[in-house]
>>> print(open('target.cif').read())   # mmCIF, C-alpha atoms
data_upload
#
loop_
_atom_site.group_PDB
_atom_site.id
_atom_site.type_symbol
_atom_site.label_atom_id
_atom_site.label_comp_id
_atom_site.auth_asym_id
_atom_site.auth_seq_id
_atom_site.Cartn_x
_atom_site.Cartn_y
_atom_site.Cartn_z
ATOM 1 C CA MET H 1 -128.338 106.991 -57.241
ATOM 2 C CA THR H 2 -130.649 104.941 -59.461
ATOM 3 C CA SER H 3 -132.837 102.333 -57.820
ATOM 4 C CA THR H 4 -132.909 98.785 -59.113
ATOM 5 C CA PRO H 5 -135.847 98.291 -61.491
ATOM 6 C CA LEU H 6 -138.667 96.215 -60.063
ATOM 7 C CA ALA H 7 -138.352 93.744 -62.927
ATOM 8 C CA VAL H 8 -134.827 92.680 -61.964
ATOM 9 C CA ARG H 9 -134.761 93.299 -58.205
ATOM 10 C CA PRO H 10 -132.861 90.286 -56.741
ATOM 11 C CA ALA H 11 -135.077 90.092 -53.643
ATOM 12 C CA LEU H 12 -138.028 89.173 -55.854
ATOM 13 C CA LEU H 13 -136.356 85.868 -56.710
ATOM 14 C CA LEU H 14 -137.432 84.695 -53.253
ATOM 15 C CA GLY H 15 -140.610 86.766 -53.110
ATOM 16 C CA VAL H 16 -144.035 85.426 -52.194
ATOM 17 C CA PRO H 17 -145.232 84.897 -55.807
ATOM 18 C CA ASN H 18 -142.194 82.782 -56.698
ATOM 19 C CA ARG H 19 -142.590 80.778 -53.502
ATOM 20 C CA ILE H 20 -146.195 80.063 -54.481
ATOM 21 C CA THR H 21 -145.023 79.020 -57.958
ATOM 22 C CA LEU H 22 -142.500 76.636 -56.440
ATOM 23 C CA ILE H 23 -144.971 75.146 -53.955
ATOM 24 C CA ARG H 24 -147.771 74.665 -56.495
ATOM 25 C CA THR H 25 -145.305 73.045 -58.898
ATOM 26 C CA VAL H 26 -144.072 70.575 -56.282
ATOM 27 C CA ILE H 27 -147.662 69.732 -55.304
ATOM 28 C CA ALA H 28 -148.868 69.285 -58.896
ATOM 29 C CA MET H 29 -145.849 67.198 -59.911
ATOM 30 C CA THR H 30 -146.158 65.031 -56.783
ATOM 31 C CA LEU H 31 -149.817 64.382 -57.568
ATOM 32 C CA ALA H 32 -148.940 63.664 -61.200
ATOM 33 C CA THR H 33 -146.290 61.167 -60.088
ATOM 34 C CA TYR H 34 -148.787 59.470 -57.767
ATOM 35 C CA ALA H 35 -151.379 59.358 -60.553
ATOM 36 C CA PHE H 36 -148.717 57.872 -62.819
ATOM 37 C CA SER H 37 -148.037 55.078 -60.322
ATOM 38 C CA THR H 38 -151.665 54.333 -59.396
ATOM 39 C CA GLY H 39 -153.398 54.909 -62.729
ATOM 40 C CA GLU H 40 -156.347 56.571 -60.957
ATOM 41 C CA LEU H 41 -158.256 59.336 -62.727
ATOM 42 C CA LEU H 42 -159.096 61.045 -59.427
ATOM 43 C CA TRP H 43 -155.441 61.901 -58.735
ATOM 44 C CA LEU H 44 -155.021 63.188 -62.278
ATOM 45 C CA VAL H 45 -158.002 65.499 -61.794
ATOM 46 C CA ILE H 46 -156.674 66.727 -58.433
ATOM 47 C CA GLY H 47 -153.256 67.262 -60.008
ATOM 48 C CA TYR H 48 -154.681 69.365 -62.828
ATOM 49 C CA VAL H 49 -156.876 71.382 -60.460
ATOM 50 C CA SER H 50 -153.900 72.139 -58.188
ATOM 51 C CA TYR H 51 -151.822 73.154 -61.212
ATOM 52 C CA TRP H 52 -154.517 75.463 -62.637
ATOM 53 C CA PHE H 53 -155.405 76.983 -59.266
ATOM 54 C CA GLY H 54 -151.763 77.572 -58.331
ATOM 55 C CA ASP H 55 -150.993 79.048 -61.740
ATOM 56 C CA SER H 56 -153.751 81.629 -61.231
ATOM 57 C CA LEU H 57 -152.832 82.285 -57.599
ATOM 58 C CA ASP H 58 -149.160 83.163 -58.095
ATOM 59 C CA GLY H 59 -149.949 85.709 -60.803
ATOM 60 C CA TRP H 60 -152.751 87.268 -58.763
ATOM 61 C CA VAL H 61 -150.532 87.589 -55.693
ATOM 62 C CA ALA H 62 -147.735 89.114 -57.772
ATOM 63 C CA ARG H 63 -150.091 91.767 -59.115
ATOM 64 C CA ILE H 64 -151.711 92.750 -55.825
ATOM 65 C CA ARG H 65 -148.317 92.888 -54.055
ATOM 66 C CA ASN H 66 -146.719 94.764 -56.968
ATOM 67 C CA GLU H 67 -144.080 92.033 -57.194
ATOM 68 C CA GLU H 68 -144.280 91.082 -60.859
ATOM 69 C CA SER H 69 -140.824 90.476 -62.290
ATOM 70 C CA LEU H 70 -139.038 89.064 -65.316
ATOM 71 C CA SER H 71 -137.594 86.278 -63.191
ATOM 72 C CA GLY H 72 -141.058 85.411 -61.911
ATOM 73 C CA ALA H 73 -142.523 85.368 -65.414
ATOM 74 C CA VAL H 74 -139.789 83.060 -66.716
ATOM 75 C CA PHE H 75 -140.004 80.824 -63.632
ATOM 76 C CA ASP H 76 -143.776 80.565 -64.087
ATOM 77 C CA VAL H 77 -143.439 79.557 -67.749
ATOM 78 C CA VAL H 78 -140.864 76.858 -66.949
ATOM 79 C CA CYS H 79 -142.954 75.467 -64.083
ATOM 80 C CA ASP H 80 -146.083 75.398 -66.237
ATOM 81 C CA ARG H 81 -144.288 73.199 -68.767
ATOM 82 C CA ALA H 82 -142.942 70.879 -66.078
ATOM 83 C CA CYS H 83 -146.420 70.369 -64.603
ATOM 84 C CA SER H 84 -148.123 69.988 -67.973
ATOM 85 C CA PHE H 85 -145.645 67.441 -69.303
ATOM 86 C CA LEU H 86 -145.700 65.217 -66.231
ATOM 87 C CA LEU H 87 -149.484 65.364 -65.930
ATOM 88 C CA ALA H 88 -149.847 64.575 -69.631
ATOM 89 C CA ALA H 89 -147.431 61.656 -69.272
ATOM 90 C CA ALA H 90 -149.548 60.288 -66.404
ATOM 91 C CA PHE H 91 -152.668 60.736 -68.521
ATOM 92 C CA MET H 92 -151.141 58.874 -71.474
ATOM 93 C CA ALA H 93 -149.815 56.065 -69.274
ATOM 94 C CA THR H 94 -153.225 55.596 -67.657
ATOM 95 C CA TYR H 95 -155.308 56.025 -70.812
ATOM 96 C CA PRO H 96 -153.339 55.087 -73.965
ATOM 97 C CA ASP H 97 -156.193 56.350 -76.166
ATOM 98 C CA THR H 98 -155.215 59.884 -75.176
ATOM 99 C CA ILE H 99 -151.710 59.649 -76.639
ATOM 100 C CA GLY H 100 -152.670 61.119 -80.037
ATOM 101 C CA PRO H 101 -154.375 64.358 -78.946
ATOM 102 C CA LEU H 102 -151.990 64.877 -76.033
ATOM 103 C CA ALA H 103 -148.981 64.480 -78.353
ATOM 104 C CA ILE H 104 -150.409 67.260 -80.545
ATOM 105 C CA TYR H 105 -151.040 69.362 -77.439
ATOM 106 C CA LEU H 106 -147.504 68.860 -76.128
ATOM 107 C CA VAL H 107 -145.996 69.898 -79.470
ATOM 108 C CA GLN H 108 -147.943 73.152 -79.532
ATOM 109 C CA PHE H 109 -147.600 73.906 -75.800
ATOM 110 C CA GLY H 110 -144.042 72.667 -75.346
ATOM 111 C CA VAL H 111 -142.582 74.174 -78.517
ATOM 112 C CA LEU H 112 -144.702 76.811 -80.258
ATOM 113 C CA ASP H 113 -146.398 78.223 -77.182
ATOM 114 C CA THR H 114 -143.118 78.284 -75.254
ATOM 115 C CA MET H 115 -141.380 80.289 -77.963
ATOM 116 C CA LEU H 116 -144.358 82.628 -78.264
ATOM 117 C CA THR H 117 -144.519 83.114 -74.512
ATOM 118 C CA PHE H 118 -140.819 83.925 -74.200
ATOM 119 C CA SER H 119 -141.066 86.430 -77.055
ATOM 120 C CA PHE H 120 -142.033 89.125 -74.530
ATOM 121 C CA LEU H 121 -138.348 89.164 -73.562
ATOM 122 C CA LEU H 122 -137.593 90.776 -76.937
ATOM 123 C CA TRP H 123 -139.275 93.953 -75.684
ATOM 124 C CA PRO H 124 -137.458 95.148 -72.511
ATOM 125 C CA TRP H 125 -140.421 97.263 -71.418
ATOM 126 C CA VAL H 126 -142.839 94.284 -71.386
ATOM 127 C CA LEU H 127 -142.814 92.674 -67.947
ATOM 128 C CA SER H 128 -144.583 89.423 -68.857
ATOM 129 C CA PRO H 129 -146.840 87.899 -71.540
ATOM 130 C CA ASN H 130 -149.796 89.383 -69.622
ATOM 131 C CA TYR H 131 -148.756 92.773 -70.993
ATOM 132 C CA PHE H 132 -148.110 91.726 -74.594
ATOM 133 C CA TYR H 133 -151.121 93.768 -75.698
ATOM 134 C CA LYS H 134 -148.734 96.727 -75.463
ATOM 135 C CA VAL H 135 -146.845 95.154 -78.371
ATOM 136 C CA ASP H 136 -149.597 93.471 -80.389
ATOM 137 C CA ARG H 137 -153.149 93.039 -79.169
ATOM 138 C CA PRO H 138 -154.217 90.259 -81.598
ATOM 139 C CA ILE H 139 -151.386 87.948 -80.463
ATOM 140 C CA TYR H 140 -152.209 88.787 -76.844
ATOM 141 C CA VAL H 141 -155.925 88.068 -77.278
ATOM 142 C CA TRP H 142 -155.267 84.745 -79.019
ATOM 143 C CA ASN H 143 -152.748 83.540 -76.442
ATOM 144 C CA TRP H 144 -152.709 85.356 -73.076
ATOM 145 C CA SER H 145 -156.107 86.897 -72.509
ATOM 146 C CA LYS H 146 -157.995 85.117 -69.725
ATOM 147 C CA PRO H 147 -160.213 83.051 -72.081
ATOM 148 C CA ALA H 148 -157.217 82.111 -74.235
ATOM 149 C CA LYS H 149 -155.130 80.956 -71.253
ATOM 150 C CA ALA H 150 -158.014 78.923 -69.868
ATOM 151 C CA LEU H 151 -158.587 77.212 -73.210
ATOM 152 C CA ASN H 152 -154.893 76.658 -73.843
ATOM 153 C CA THR H 153 -154.255 74.787 -70.608
ATOM 154 C CA GLY H 154 -157.639 73.189 -70.017
ATOM 155 C CA ALA H 155 -159.562 72.620 -73.242
ATOM 156 C CA VAL H 156 -157.737 69.471 -74.360
ATOM 157 C CA VAL H 157 -157.919 67.864 -70.904
ATOM 158 C CA VAL H 158 -161.624 68.661 -70.542
ATOM 159 C CA SER H 159 -162.305 67.337 -74.048
ATOM 160 C CA LEU H 160 -160.501 64.091 -73.153
ATOM 161 C CA VAL H 161 -162.734 63.625 -70.119
ATOM 162 C CA ILE H 162 -165.828 64.341 -72.239
ATOM 163 C CA ALA H 163 -164.639 61.898 -74.883
ATOM 164 C CA GLY H 164 -164.120 59.223 -72.248
ATOM 165 C CA GLN H 165 -167.681 59.683 -71.013
ATOM 166 C CA THR H 166 -169.420 60.065 -74.376
ATOM 167 C CA GLY H 167 -167.250 58.159 -76.843
ATOM 168 C CA ALA H 168 -166.681 61.317 -78.930
ATOM 169 C CA HIS H 169 -163.013 60.491 -79.533
ATOM 170 C CA TRP H 170 -162.813 62.985 -82.409
ATOM 171 C CA LEU H 171 -163.342 65.895 -79.993
ATOM 172 C CA PRO H 172 -159.871 65.965 -78.333
ATOM 173 C CA TYR H 173 -158.221 65.772 -81.745
ATOM 174 C CA ALA H 174 -160.320 68.692 -83.002
ATOM 175 C CA VAL H 175 -159.506 70.771 -79.908
ATOM 176 C CA ALA H 176 -155.784 69.941 -80.047
ATOM 177 C CA VAL H 177 -155.526 70.745 -83.760
ATOM 178 C CA ALA H 178 -157.452 74.015 -83.283
ATOM 179 C CA ALA H 179 -155.032 75.059 -80.519
ATOM 180 C CA LEU H 180 -152.099 74.125 -82.748
ATOM 181 C CA LEU H 181 -153.471 76.276 -85.578
ATOM 182 C CA VAL H 182 -153.805 79.256 -83.213
ATOM 183 C CA LYS H 183 -150.130 78.881 -82.277
ATOM 184 C CA VAL H 184 -149.054 78.557 -85.912
ATOM 185 C CA VAL H 185 -150.999 81.678 -86.930
ATOM 186 C CA SER H 186 -149.688 83.590 -83.890
ATOM 187 C CA SER H 187 -146.100 82.531 -84.597
ATOM 188 C CA TYR H 188 -146.427 83.568 -88.239
ATOM 189 C CA ARG H 189 -147.776 86.978 -87.224
ATOM 190 C CA LEU H 190 -144.988 87.417 -84.682
ATOM 191 C CA VAL H 191 -142.289 86.565 -87.235
ATOM 192 C CA GLN H 192 -143.799 89.041 -89.692
ATOM 193 C CA ILE H 193 -143.732 91.762 -87.027
ATOM 194 C CA LEU H 194 -140.136 90.986 -86.080
ATOM 195 C CA CYS H 195 -139.070 91.016 -89.742
ATOM 196 C CA GLY H 196 -140.811 94.332 -90.360
ATOM 197 C CA ARG H 197 -143.284 92.856 -92.841
ATOM 198 C CA ARG H 198 -146.316 93.688 -90.703
ATOM 199 C CA ALA H 199 -146.970 96.533 -88.327
ATOM 200 C CA ALA H 200 -147.726 95.544 -84.751
ATOM 201 C CA ALA H 201 -151.131 96.571 -83.415
ATOM 202 C CA PRO H 202 -150.779 97.599 -79.762
ATOM 203 C CA GLY H 203 -153.942 98.179 -77.775
ATOM 204 C CA GLU H 204 -155.624 97.795 -74.424
ATOM 205 C CA ALA H 205 -156.036 94.535 -72.495
ATOM 206 C CA LYS H 206 -159.843 94.763 -72.039
#
>>> encode(input="target.cif", output="structure tokens")
Amino acid sequence: MTSTPLAVRPALLLGVPNRITLIRTVIAMTLATYAFSTGELLWLVIGYVSYWFGDSLDGWVARIRNEESLSGAVFDVVCDRACSFLLAAAFMATYPDTIGPLAIYLVQFGVLDTMLTFSFLLWPWVLSPNYFYKVDRPIYVWNWSKPAKALNTGAVVVSLVIAGQTGAHWLPYAVAVAALLVKVVSSYRLVQILCGRRAAAPGEAK
């Protein structure tokens, strides 16, 4: 008798990592909704911190408990977008000057980054984007290495706060456009690999 692969084991749908993902999403979206209604920066900051902390926690727990799964990876991606979009909406409603850079961010994160992130599903032996280096290390380094993930989810928000304090309103636009260019280049490389026009370059995570 063959055992059910870890990646698709039904029990993992209700495992601890997915429960953490659900809880951190509810908390972050509740805080975002409250920030939306009050227009207070403090609640936006708390909302983003809870989102970022929870996003790191669920993945860490999944790894140490050996409970990583395809369902968990997909659930995490969907929840990330839900949190990001509602928090960004609260940001834009509270500070209309942020609409431009956040619109650019939402295009790259909501469309290009989502498609890139789900591309791991094209390789059945890749459990999540965290292991995409097994397919192509450059795309992994640009998008899912620890520095890349931190910059992708936090750089625009941090630059908006800096701009609000210093008046450097060009900074969020520069950061958002830079992130967009990374996604465009990554998407182009991925399409070339899928079409057989470029050889993938697998490597180590490091």
>>> axis_aligned_box(input="target.cif", around="range 97-116 of chain H", padding_each_side="8 Å", output="lines of an AutoDock Vina configuration file")
center_x = -148.8
center_y = 69.5
center_z = -77.9
size_x = 30.8
size_y = 42.3
size_z = 21.4
>>> atom_distance(input="target.cif", atom1="CA of Thr21 in chain H", atom2="CA of Thr153 in chain H")
16.2 Å
>>> residues_around(input="target.cif", residues="range 162-177 of chain H", least_positions_apart="3", cutoff="7 Å", atoms="all atoms listed in the file", output="JSON, numbers by chain")
{"H": [101, 104, 105, 155, 156, 158, 159, 180, 181]}
>>> resolve_selection(input="target.cif", expression="the PyMOL selection byres ((chain H and resi 204) around 9)", output="list in words")
Tyr133, Lys134, Arg137, Pro202, Gly203, Ala205 and Lys206 of chain H
>>> resolve_selection(input="target.cif", expression="the PyMOL selection byres ((chain H and resi 22) around 12)", output="short mmCIF file (atom, residue, chain, number, x, y, z; two decimals) with C-alpha atoms, keeping the file's coordinate frame")
data_model
loop_
_atom_site.label_atom_id
_atom_site.label_comp_id
_atom_site.auth_asym_id
_atom_site.auth_seq_id
_atom_site.Cartn_x
_atom_site.Cartn_y
_atom_site.Cartn_z
CA LEU H 13 -136.36 85.87 -56.71
CA LEU H 14 -137.43 84.70 -53.25
CA GLY H 15 -140.61 86.77 -53.11
CA VAL H 16 -144.04 85.43 -52.19
CA PRO H 17 -145.23 84.90 -55.81
CA ASN H 18 -142.19 82.78 -56.70
CA ARG H 19 -142.59 80.78 -53.50
CA ILE H 20 -146.20 80.06 -54.48
CA THR H 21 -145.02 79.02 -57.96
CA ILE H 23 -144.97 75.15 -53.96
CA ARG H 24 -147.77 74.67 -56.50
CA THR H 25 -145.30 73.04 -58.90
CA VAL H 26 -144.07 70.58 -56.28
CA ILE H 27 -147.66 69.73 -55.30
CA ALA H 28 -148.87 69.28 -58.90
CA MET H 29 -145.85 67.20 -59.91
CA TYR H 51 -151.82 73.15 -61.21
CA GLY H 54 -151.76 77.57 -58.33
CA ASP H 55 -150.99 79.05 -61.74
CA LEU H 57 -152.83 82.28 -57.60
CA ASP H 58 -149.16 83.16 -58.10
CA GLY H 72 -141.06 85.41 -61.91
CA PHE H 75 -140.00 80.82 -63.63
CA ASP H 76 -143.78 80.56 -64.09
CA VAL H 77 -143.44 79.56 -67.75
CA VAL H 78 -140.86 76.86 -66.95
CA CYS H 79 -142.95 75.47 -64.08
CA ASP H 80 -146.08 75.40 -66.24
CA ALA H 82 -142.94 70.88 -66.08
CA CYS H 83 -146.42 70.37 -64.60
#
>>> atom_distance(input="target.cif", atom1="CA of Asp113 in chain H", atom2="CA of Asn143 in chain H")
8.3 Å
>>> atom_distance(input="target.cif", atom1="CA of Gly100 in chain H", atom2="CA of Pro129 in chain H")
28.7 Å
>>> resolve_selection(input="target.cif", expression="the PyMOL selection byres ((chain H and resi 37-45) around 9)", output="list in words")
Leu31, Ala32, Thr33, Tyr34, Ala35, Phe36, Ile46, Gly47, Tyr48, Val49, Ser50, Leu87, Ala90, Phe91, Ala93, Thr94 and Tyr95 of chain H
>>> residues_around(input="target.cif", residues="Asp136 in chain H", least_positions_apart="2", cutoff="10 Å", atoms="all atoms listed in the file", output="count of residues only")
17
>>> closest_residue(input="target.cif", among="H:Cys195, H:Phe53, H:Ser71, H:Tyr188", to="Phe118 in chain H", atoms="all atoms listed in the file")
H:Ser71
>>> closest_residue(input="target.cif", among="H:Leu70, H:Ala179, H:Val157, H:Ile99", to="Val126 in chain H", atoms="all atoms listed in the file")
H:Leu70
>>> build_atoms(input="target.cif", residues="range 148-170 of chain H", atoms="N, CA, C and O atoms", output="tab-separated table (two decimals), in the frame of the given file")
chain	number	residue	atom	x	y	z
H	148	ALA	N	-158.21	82.86	-73.46
H	148	ALA	CA	-157.22	82.11	-74.24
H	148	ALA	C	-156.37	81.23	-73.33
H	148	ALA	O	-156.09	80.07	-73.66
H	149	LYS	N	-155.95	81.75	-72.17
H	149	LYS	CA	-155.13	80.96	-71.25
H	149	LYS	C	-155.91	79.78	-70.69
H	149	LYS	O	-155.38	78.68	-70.54
H	150	ALA	N	-157.18	80.01	-70.39
H	150	ALA	CA	-158.01	78.92	-69.87
H	150	ALA	C	-158.18	77.82	-70.91
H	150	ALA	O	-158.06	76.62	-70.60
H	151	LEU	N	-158.42	78.21	-72.14
H	151	LEU	CA	-158.59	77.21	-73.21
H	151	LEU	C	-157.28	76.50	-73.52
H	151	LEU	O	-157.26	75.29	-73.75
H	152	ASN	N	-156.18	77.25	-73.48
H	152	ASN	CA	-154.89	76.66	-73.84
H	152	ASN	C	-154.47	75.57	-72.87
H	152	ASN	O	-153.93	74.53	-73.27
H	153	THR	N	-154.71	75.77	-71.59
H	153	THR	CA	-154.26	74.79	-70.61
H	153	THR	C	-155.31	73.76	-70.24
H	153	THR	O	-154.99	72.69	-69.73
H	154	GLY	N	-156.60	74.09	-70.49
H	154	GLY	CA	-157.64	73.19	-70.02
H	154	GLY	C	-158.51	72.53	-71.06
H	154	GLY	O	-159.10	71.47	-70.79
H	155	ALA	N	-158.59	73.11	-72.26
H	155	ALA	CA	-159.56	72.62	-73.24
H	155	ALA	C	-159.30	71.17	-73.65
H	155	ALA	O	-160.23	70.36	-73.75
H	156	VAL	N	-158.05	70.84	-73.92
H	156	VAL	CA	-157.74	69.47	-74.36
H	156	VAL	C	-158.05	68.46	-73.26
H	156	VAL	O	-158.64	67.40	-73.52
H	157	VAL	N	-157.68	68.78	-72.02
H	157	VAL	CA	-157.92	67.86	-70.90
H	157	VAL	C	-159.42	67.67	-70.70
H	157	VAL	O	-159.90	66.54	-70.54
H	158	VAL	N	-160.18	68.76	-70.71
H	158	VAL	CA	-161.62	68.66	-70.54
H	158	VAL	C	-162.24	67.85	-71.68
H	158	VAL	O	-163.12	67.01	-71.46
H	159	SER	N	-161.77	68.08	-72.90
H	159	SER	CA	-162.30	67.34	-74.05
H	159	SER	C	-161.98	65.85	-73.95
H	159	SER	O	-162.77	65.00	-74.39
H	160	LEU	N	-160.85	65.50	-73.35
H	160	LEU	CA	-160.50	64.09	-73.15
H	160	LEU	C	-161.45	63.43	-72.16
H	160	LEU	O	-161.87	62.28	-72.35
H	161	VAL	N	-161.79	64.16	-71.10
H	161	VAL	CA	-162.73	63.62	-70.12
H	161	VAL	C	-164.11	63.44	-70.76
H	161	VAL	O	-164.77	62.41	-70.57
H	162	ILE	N	-164.53	64.43	-71.55
H	162	ILE	CA	-165.83	64.34	-72.24
H	162	ILE	C	-165.83	63.16	-73.20
H	162	ILE	O	-166.80	62.39	-73.26
H	163	ALA	N	-164.73	63.01	-73.93
H	163	ALA	CA	-164.64	61.90	-74.88
H	163	ALA	C	-164.71	60.55	-74.17
H	163	ALA	O	-165.33	59.60	-74.67
H	164	GLY	N	-164.08	60.47	-73.01
H	164	GLY	CA	-164.12	59.22	-72.25
H	164	GLY	C	-165.50	58.87	-71.77
H	164	GLY	O	-165.86	57.69	-71.64
H	165	GLN	N	-166.32	59.91	-71.51
H	165	GLN	CA	-167.68	59.68	-71.01
H	165	GLN	C	-168.69	59.47	-72.14
H	165	GLN	O	-169.69	58.77	-71.96
H	166	THR	N	-168.42	60.09	-73.29
H	166	THR	CA	-169.42	60.06	-74.38
H	166	THR	C	-169.01	59.23	-75.58
H	166	THR	O	-169.85	58.91	-76.42
H	167	GLY	N	-167.73	58.90	-75.67
H	167	GLY	CA	-167.25	58.16	-76.84
H	167	GLY	C	-166.93	59.05	-78.03
H	167	GLY	O	-166.63	58.55	-79.12
H	168	ALA	N	-166.99	60.38	-77.84
H	168	ALA	CA	-166.68	61.32	-78.93
H	168	ALA	C	-165.18	61.50	-79.04
H	168	ALA	O	-164.63	62.56	-78.72
H	169	HIS	N	-164.48	60.47	-79.52
H	169	HIS	CA	-163.01	60.49	-79.53
H	169	HIS	C	-162.43	61.47	-80.56
H	169	HIS	O	-161.23	61.76	-80.52
H	170	TRP	N	-163.25	61.98	-81.45
H	170	TRP	CA	-162.81	62.98	-82.41
H	170	TRP	C	-162.62	64.35	-81.73
H	170	TRP	O	-161.84	65.18	-82.21
